[in-house]
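Structure first, commentary second.
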Amino acid sequence: MTKVLAEAIAKIEALPEATQEHVARELIAYLEKLSVLRAEVDIGIRQLDAGKGKELDIEEFLRKARAQYRKG
């Protein structure tokens, strides 16, 4: 365990139990999202390595992303 992680855990241990539970749930959710993201990146890299990539219109991509996140 790294020094910073140990320090963070020590600080969490000093919190009330309900808060510890909340922090733990949030951390687990974050780690699960990170794991999914890493798996998706790995898939994308394999697809690019296999020549399955295609040119990206970055302006169109940004327009779609901005429109999607404005809705939510």
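Going by the structure tokens order, chains are called A, B, ..., each with residues numbered from 1, while ligands are numbered from 1 in the order shown.
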Practice item. Could you give me, as a PyMOL selection string, each residue of chain A that DSSP assigns to helix (DSSP H, G or I) when run on this structure's backbone? Key: chain A and resi 3-13+17-49+58-71
Exercise for review: For atom CA of A:Glu21 and atom CA of A:Arg38, determine how far apart the two atoms are, in Å to one decimal place.
Suggested key: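 Interatomic distance here is 25.6 Å.
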Point to revise | Atom pair atom CA of A:Ala39 / atom CA of A:His22: separation (Å) | key: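 Here the two named atoms are 26.0 Å from each other.
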